[in-house]
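Enquirer: Hey, dropping target_5.tsv in here, TSV, C-alpha atoms:
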chain	number	residue	atom	x	y	z
A	161	MET	CA	72.36	104.64	-32.51
A	162	GLU	CA	72.91	100.91	-32.66
A	163	THR	CA	72.23	99.02	-35.88
A	164	LYS	CA	69.56	96.84	-34.21
A	165	ASN	CA	67.61	99.97	-33.17
A	166	VAL	CA	67.76	101.37	-36.71
A	167	ILE	CA	66.56	98.04	-38.10
A	168	SER	CA	63.69	98.07	-35.60
A	169	ALA	CA	62.70	101.61	-36.60
A	170	LEU	CA	62.89	100.90	-40.32
A	171	ALA	CA	60.95	97.64	-39.92
A	172	ALA	CA	58.22	99.51	-38.06
A	173	LEU	CA	57.99	102.07	-40.86
A	174	ALA	CA	57.95	99.38	-43.57
A	175	GLN	CA	54.17	99.10	-43.40
A	176	GLU	CA	51.75	101.50	-45.08
A	177	SER	CA	49.52	102.32	-42.10
A	178	ARG	CA	52.42	102.77	-39.67
A	179	LEU	CA	54.27	104.97	-42.13
A	180	ALA	CA	51.12	107.10	-42.55
A	181	VAL	CA	50.70	107.38	-38.77
A	182	PHE	CA	54.32	108.39	-38.29
A	183	ARG	CA	54.19	110.97	-41.08
A	184	LEU	CA	50.98	112.42	-39.62
A	185	LEU	CA	52.58	112.72	-36.18
A	186	VAL	CA	55.67	114.36	-37.67
A	187	ARG	CA	53.41	116.84	-39.45
A	188	ILE	CA	51.43	117.58	-36.27
A	189	GLY	CA	54.58	118.23	-34.27
A	190	PRO	CA	55.60	117.75	-30.64
A	191	GLU	CA	52.15	118.52	-29.21
A	192	GLY	CA	50.87	115.22	-30.60
A	193	VAL	CA	47.31	114.03	-30.98
A	194	ALA	CA	44.90	111.49	-29.49
A	195	ALA	CA	44.55	108.07	-31.09
A	196	SER	CA	40.93	108.81	-31.99
A	197	LYS	CA	42.04	111.77	-34.13
A	198	ILE	CA	44.70	109.63	-35.82
A	199	ALA	CA	42.08	107.00	-36.65
A	200	GLU	CA	39.71	109.66	-37.95
A	201	GLU	CA	42.34	111.41	-40.05
A	202	LEU	CA	43.74	108.24	-41.63
A	203	GLY	CA	40.62	106.07	-41.70
A	204	ILE	CA	42.26	103.25	-39.74
A	205	PRO	CA	39.97	101.10	-37.55
A	206	PRO	CA	40.73	101.59	-33.83
A	207	SER	CA	41.70	97.93	-33.27
A	208	SER	CA	44.22	98.06	-36.13
A	209	LEU	CA	45.49	101.47	-35.06
A	210	SER	CA	46.17	100.19	-31.55
A	211	PHE	CA	48.43	97.48	-32.98
A	212	HIS	CA	50.27	99.96	-35.21
A	213	LEU	CA	50.76	102.45	-32.37
A	214	LYS	CA	52.21	99.66	-30.22
A	215	GLU	CA	54.69	98.72	-32.96
A	216	LEU	CA	55.78	102.34	-33.44
A	217	THR	CA	56.12	102.79	-29.68
A	218	HIS	CA	58.27	99.64	-29.34
A	219	ALA	CA	60.51	100.98	-32.11
A	220	ALA	CA	60.82	104.26	-30.12
A	221	LEU	CA	59.43	106.23	-33.08
A	222	ILE	CA	56.49	107.64	-31.15
A	223	ILE	CA	55.93	108.66	-27.55
A	224	PRO	CA	52.60	108.09	-25.79
A	225	ARG	CA	51.62	110.25	-22.83
A	226	GLN	CA	48.51	110.29	-20.68
A	227	GLU	CA	46.44	113.47	-20.66
A	228	GLY	CA	43.31	112.96	-18.61
A	229	ARG	CA	41.30	110.18	-20.22
A	230	PHE	CA	43.29	110.27	-23.45
A	231	ILE	CA	46.62	108.95	-24.59
A	232	ILE	CA	48.35	111.52	-26.75
A	233	TYR	CA	50.85	110.27	-29.31
A	234	SER	CA	53.67	112.34	-30.72
A	235	ALA	CA	56.61	111.59	-32.99
A	236	ASN	CA	59.89	110.91	-31.23
A	237	PHE	CA	61.99	113.43	-33.14
A	238	ASP	CA	65.17	112.32	-31.33
A	239	THR	CA	64.82	108.79	-32.71
A	240	MET	CA	63.87	110.09	-36.15
A	241	ASN	CA	66.98	112.28	-36.24
A	242	GLU	CA	69.21	109.48	-34.94
A	243	VAL	CA	67.99	107.18	-37.74
A	244	MET	CA	68.66	109.90	-40.31
A	245	VAL	CA	72.17	110.47	-38.92
A	246	PHE	CA	72.83	106.72	-38.99
A	247	LEU	CA	71.63	106.42	-42.59
A	248	THR	CA	73.63	109.39	-43.83
A	249	ASP	CA	76.73	108.93	-41.68
A	250	SER	CA	78.95	107.89	-44.58
A	251	CYS	CA	77.12	109.82	-47.26
A	252	CYS	CA	79.23	111.19	-50.10
A	253	ASN	CA	82.48	109.87	-48.58
A	254	GLY	CA	82.20	112.24	-45.66
A	255	ASN	CA	81.63	115.34	-47.79
A	256	PRO	CA	78.68	117.57	-46.96
A	257	CYS	CA	75.80	116.29	-49.06
A	258	SER	CA	73.92	119.50	-49.75
A	259	PRO	CA	76.62	121.22	-51.83
A	260	VAL	CA	77.45	117.97	-53.61
A	261	LEU	CA	73.81	117.35	-54.45
A	262	SER	CA	73.25	120.92	-55.57
A	263	ILE	CA	76.29	120.70	-57.86
A	264	HIS	CA	74.97	117.49	-59.40
A	265	CYS	CA	71.48	118.95	-59.67
A	266	ASN	CA	72.81	122.10	-61.32
A	267	GLN	CA	74.89	120.01	-63.75
A	268	ALA	CA	71.84	117.90	-64.58
A	269	LYS	CA	69.71	121.01	-65.16
A	270	ALA	CA	72.44	122.53	-67.35
A	271	SER	CA	72.67	119.40	-69.48
A	272	ILE	CA	68.87	119.44	-69.95
A	273	LEU	CA	68.86	123.07	-71.02
Here is a file; write its structure as structure tokens.

Expert:
Amino acid sequence: METKNVISALAALAQESRLAVFRLLVRIGPEGVAASKIAEELGIPPSSLSFHLKELTHAALIIPRQEGRFIIYSANFDTMNEVMVFLTDSCCNGNPCSPVLSIHCNQAKASIL
């Protein structure tokens, strides 16, 4: 993923309502949900929600699709995963993070006990 695309995605998520929308869509999964349900769940006025959905769509973080009269929105898990890979690409000097973190966590717990 190119740096400019990551910046676009992070900028889109750097707003409370858009972050809430994205997290809701991640929680719902690939089946997605209609905008009216998003507005209802998060208490965002439809006019504001429309703007936020547009921003998330332009950042390729969500995917709209037409189903009858409704537009269904779902998280773009490919983009989400690409951003995560980009952010963690050089993590821990190329060492797998999970074992390193668990070692540090275990050491921290041991020092507390």

Enquirer: Can you list, as a list of chain:residue names, every protein, DNA or RNA residue that comes within 12 Å of Asn165 (chain A) when you count all atoms listed in the file, leaving out same-chain residues fewer than 2 positions away?

Expert: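 Residues meeting the cut-off are A:Met161, A:Glu162, A:Thr163, A:Ile167, A:Ser168, A:Ala169, A:Leu170, A:Ala171, A:Ala172, A:His218, A:Ala219, A:Ala220, A:Leu221, A:Thr239, A:Met240, A:Glu242, A:Val243, A:Phe246.
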
Enquirer: Considering all atoms listed in the file, state which residue in the set A:Cys251, A:Ile232, A:Ile198, A:Val166 is at the smallest distance from Leu184 (chain A).

Expert: A:Ile198

Enquirer: To one decimal in Å, tell me the separation between CA of Val193 (chain A) and CA of Phe230 (chain A).

Expert: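 Separation between CA of Val193 (chain A) and CA of Phe230 (chain A): 9.3 Å.
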
Enquirer: Return the single residue from A:Thr248, A:Asn253, A:Leu209, A:Lys164 that is closest to Ala194 (chain A), with distances computed using only C-alpha atoms.

Expert: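 Nearest candidate to Ala194 (chain A) out of A:Thr248, A:Asn253, A:Leu209, A:Lys164: A:Leu209.
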
Enquirer: Hey, which of A:Leu216, A:Arg187, A:Val181, A:Ser250 ends up closest to Ile204 (chain A)? Count only C-alpha atoms.

Expert: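 Result for the nearest residue to Ile204 (chain A): A:Val181.
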
Enquirer: Check the smallest atom-to-atom distance from each of A:Asp249, A:Glu176, A:Glu200, A:Glu191 to Ile222 (chain A) using only C-alpha atoms, then report the winner.

Expert: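 Nearest to Ile222 (chain A): A:Glu191.
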
Enquirer: Produce the centre coordinates and the three edge lengths, each in Å to one decimal, of the box along x, y and z that contains all listed atoms of region 164-174 of chain A with 5 Å added on each side, as lines of an AutoDock Vina configuration file.

Expert:
center_x = 63.8
center_y = 99.5
center_z = -38.4
size_x = 21.6
size_y = 15.2
size_z = 20.4

Enquirer: Can you work out the spacing between CA of Lys214 (chain A) and CA of Leu247 (chain A) in Å, to one decimal?

Expert: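 Computing the Euclidean distance for CA of Lys214 (chain A) and CA of Leu247 (chain A) yields 24.0 Å.
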
Enquirer: Rounded to one decimal place, report the CA of Pro206 (chain A)-CA of Leu179 (chain A) distance in Å.

Expert: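 Straight-line distance from CA of Pro206 (chain A) to CA of Leu179 (chain A) works out to 16.2 Å.
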
Enquirer: Of the candidates A:Leu173, A:Cys252, A:Ile223, A:Ala195, which shows the shortest atom-to-atom distance to Asp238 (chain A), using all atoms listed in the file?

Expert: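 Among the listed residues, A:Ile223 lies closest to Asp238 (chain A).
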
Enquirer: How would region 173-207 of chain A look with N, CA and C atoms restored, written as an mmCIF file, keeping the file's coordinate frame?

Expert:
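This is the output file selection.cif:
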data_model
loop_
_atom_site.group_PDB
_atom_site.id
_atom_site.type_symbol
_atom_site.label_atom_id
_atom_site.label_comp_id
_atom_site.auth_asym_id
_atom_site.auth_seq_id
_atom_site.Cartn_x
_atom_site.Cartn_y
_atom_site.Cartn_z
ATOM 1 N N LEU A 173 58.471 101.138 -39.824
ATOM 2 C CA LEU A 173 57.990 102.070 -40.860
ATOM 3 C C LEU A 173 57.710 101.370 -42.194
ATOM 4 N N ALA A 174 58.102 100.111 -42.313
ATOM 5 C CA ALA A 174 57.950 99.380 -43.570
ATOM 6 C C ALA A 174 56.561 98.771 -43.711
ATOM 7 N N GLN A 175 55.562 99.520 -43.296
ATOM 8 C CA GLN A 175 54.170 99.100 -43.400
ATOM 9 C C GLN A 175 53.357 100.358 -43.658
ATOM 10 N N GLU A 176 52.455 100.306 -44.606
ATOM 11 C CA GLU A 176 51.750 101.500 -45.080
ATOM 12 C C GLU A 176 51.032 102.290 -43.992
ATOM 13 N N SER A 177 50.277 101.613 -43.150
ATOM 14 C CA SER A 177 49.520 102.320 -42.100
ATOM 15 C C SER A 177 50.452 102.952 -41.078
ATOM 16 N N ARG A 178 51.491 102.213 -40.661
ATOM 17 C CA ARG A 178 52.420 102.770 -39.670
ATOM 18 C C ARG A 178 53.195 103.945 -40.242
ATOM 19 N N LEU A 179 53.579 103.852 -41.495
ATOM 20 C CA LEU A 179 54.270 104.970 -42.130
ATOM 21 C C LEU A 179 53.349 106.192 -42.175
ATOM 22 N N ALA A 180 52.094 105.986 -42.510
ATOM 23 C CA ALA A 180 51.120 107.100 -42.550
ATOM 24 C C ALA A 180 50.941 107.713 -41.170
ATOM 25 N N VAL A 181 50.852 106.874 -40.145
ATOM 26 C CA VAL A 181 50.700 107.380 -38.770
ATOM 27 C C VAL A 181 51.919 108.206 -38.390
ATOM 28 N N PHE A 182 53.105 107.671 -38.655
ATOM 29 C CA PHE A 182 54.320 108.390 -38.290
ATOM 30 C C PHE A 182 54.414 109.726 -39.023
ATOM 31 N N ARG A 183 54.127 109.719 -40.303
ATOM 32 C CA ARG A 183 54.190 110.970 -41.080
ATOM 33 C C ARG A 183 53.171 111.985 -40.565
ATOM 34 N N LEU A 184 51.990 111.524 -40.194
ATOM 35 C CA LEU A 184 50.980 112.420 -39.620
ATOM 36 C C LEU A 184 51.494 113.027 -38.325
ATOM 37 N N LEU A 185 52.082 112.204 -37.463
ATOM 38 C CA LEU A 185 52.580 112.720 -36.180
ATOM 39 C C LEU A 185 53.755 113.674 -36.373
ATOM 40 N N VAL A 186 54.582 113.425 -37.366
ATOM 41 C CA VAL A 186 55.670 114.360 -37.670
ATOM 42 C C VAL A 186 55.065 115.698 -38.114
ATOM 43 N N ARG A 187 54.046 115.631 -38.957
ATOM 44 C CA ARG A 187 53.410 116.840 -39.450
ATOM 45 C C ARG A 187 52.735 117.628 -38.322
ATOM 46 N N ILE A 188 52.127 116.919 -37.382
ATOM 47 C CA ILE A 188 51.430 117.580 -36.270
ATOM 48 C C ILE A 188 52.418 118.244 -35.322
ATOM 49 N N GLY A 189 53.569 117.623 -35.124
ATOM 50 C CA GLY A 189 54.580 118.230 -34.270
ATOM 51 C C GLY A 189 54.580 117.669 -32.861
ATOM 52 N N PRO A 190 55.380 118.284 -31.992
ATOM 53 C CA PRO A 190 55.600 117.750 -30.640
ATOM 54 C C PRO A 190 54.356 117.724 -29.754
ATOM 55 N N GLU A 191 53.346 118.531 -30.069
ATOM 56 C CA GLU A 191 52.150 118.520 -29.210
ATOM 57 C C GLU A 191 51.384 117.212 -29.315
ATOM 58 N N GLY A 192 51.495 116.516 -30.441
ATOM 59 C CA GLY A 192 50.870 115.220 -30.600
ATOM 60 C C GLY A 192 49.367 115.294 -30.756
ATOM 61 N N VAL A 193 48.750 114.121 -30.748
ATOM 62 C CA VAL A 193 47.310 114.030 -30.980
ATOM 63 C C VAL A 193 46.798 112.713 -30.383
ATOM 64 N N ALA A 194 45.529 112.693 -30.044
ATOM 65 C CA ALA A 194 44.900 111.490 -29.490
ATOM 66 C C ALA A 194 44.718 110.435 -30.578
ATOM 67 N N ALA A 195 44.705 109.188 -30.153
ATOM 68 C CA ALA A 195 44.550 108.070 -31.090
ATOM 69 C C ALA A 195 43.265 108.192 -31.896
ATOM 70 N N SER A 196 42.201 108.680 -31.275
ATOM 71 C CA SER A 196 40.930 108.810 -31.990
ATOM 72 C C SER A 196 41.050 109.763 -33.178
ATOM 73 N N LYS A 197 41.833 110.814 -33.031
ATOM 74 C CA LYS A 197 42.040 111.770 -34.130
ATOM 75 C C LYS A 197 42.905 111.154 -35.229
ATOM 76 N N ILE A 198 43.871 110.324 -34.832
ATOM 77 C CA ILE A 198 44.700 109.630 -35.820
ATOM 78 C C ILE A 198 43.820 108.709 -36.650
ATOM 79 N N ALA A 199 42.985 107.933 -35.966
ATOM 80 C CA ALA A 199 42.080 107.000 -36.650
ATOM 81 C C ALA A 199 41.148 107.741 -37.597
ATOM 82 N N GLU A 200 40.628 108.850 -37.140
ATOM 83 C CA GLU A 200 39.710 109.660 -37.950
ATOM 84 C C GLU A 200 40.416 110.233 -39.173
ATOM 85 N N GLU A 201 41.591 110.772 -38.971
ATOM 86 C CA GLU A 201 42.340 111.410 -40.050
ATOM 87 C C GLU A 201 42.766 110.405 -41.128
ATOM 88 N N LEU A 202 43.189 109.214 -40.686
ATOM 89 C CA LEU A 202 43.740 108.240 -41.630
ATOM 90 C C LEU A 202 42.767 107.136 -42.024
ATOM 91 N N GLY A 203 41.612 107.091 -41.376
ATOM 92 C CA GLY A 203 40.620 106.070 -41.700
ATOM 93 C C GLY A 203 41.063 104.661 -41.324
ATOM 94 N N ILE A 204 41.791 104.554 -40.221
ATOM 95 C CA ILE A 204 42.260 103.250 -39.740
ATOM 96 C C ILE A 204 41.347 102.814 -38.593
ATOM 97 N N PRO A 205 40.808 101.580 -38.656
ATOM 98 C CA PRO A 205 39.970 101.100 -37.550
ATOM 99 C C PRO A 205 40.734 101.120 -36.228
ATOM 100 N N PRO A 206 40.052 101.480 -35.138
ATOM 101 C CA PRO A 206 40.730 101.590 -33.830
ATOM 102 C C PRO A 206 41.513 100.343 -33.420
ATOM 103 N N SER A 207 40.981 99.147 -33.679
ATOM 104 C CA SER A 207 41.700 97.930 -33.270
ATOM 105 C C SER A 207 43.007 97.789 -34.048
#
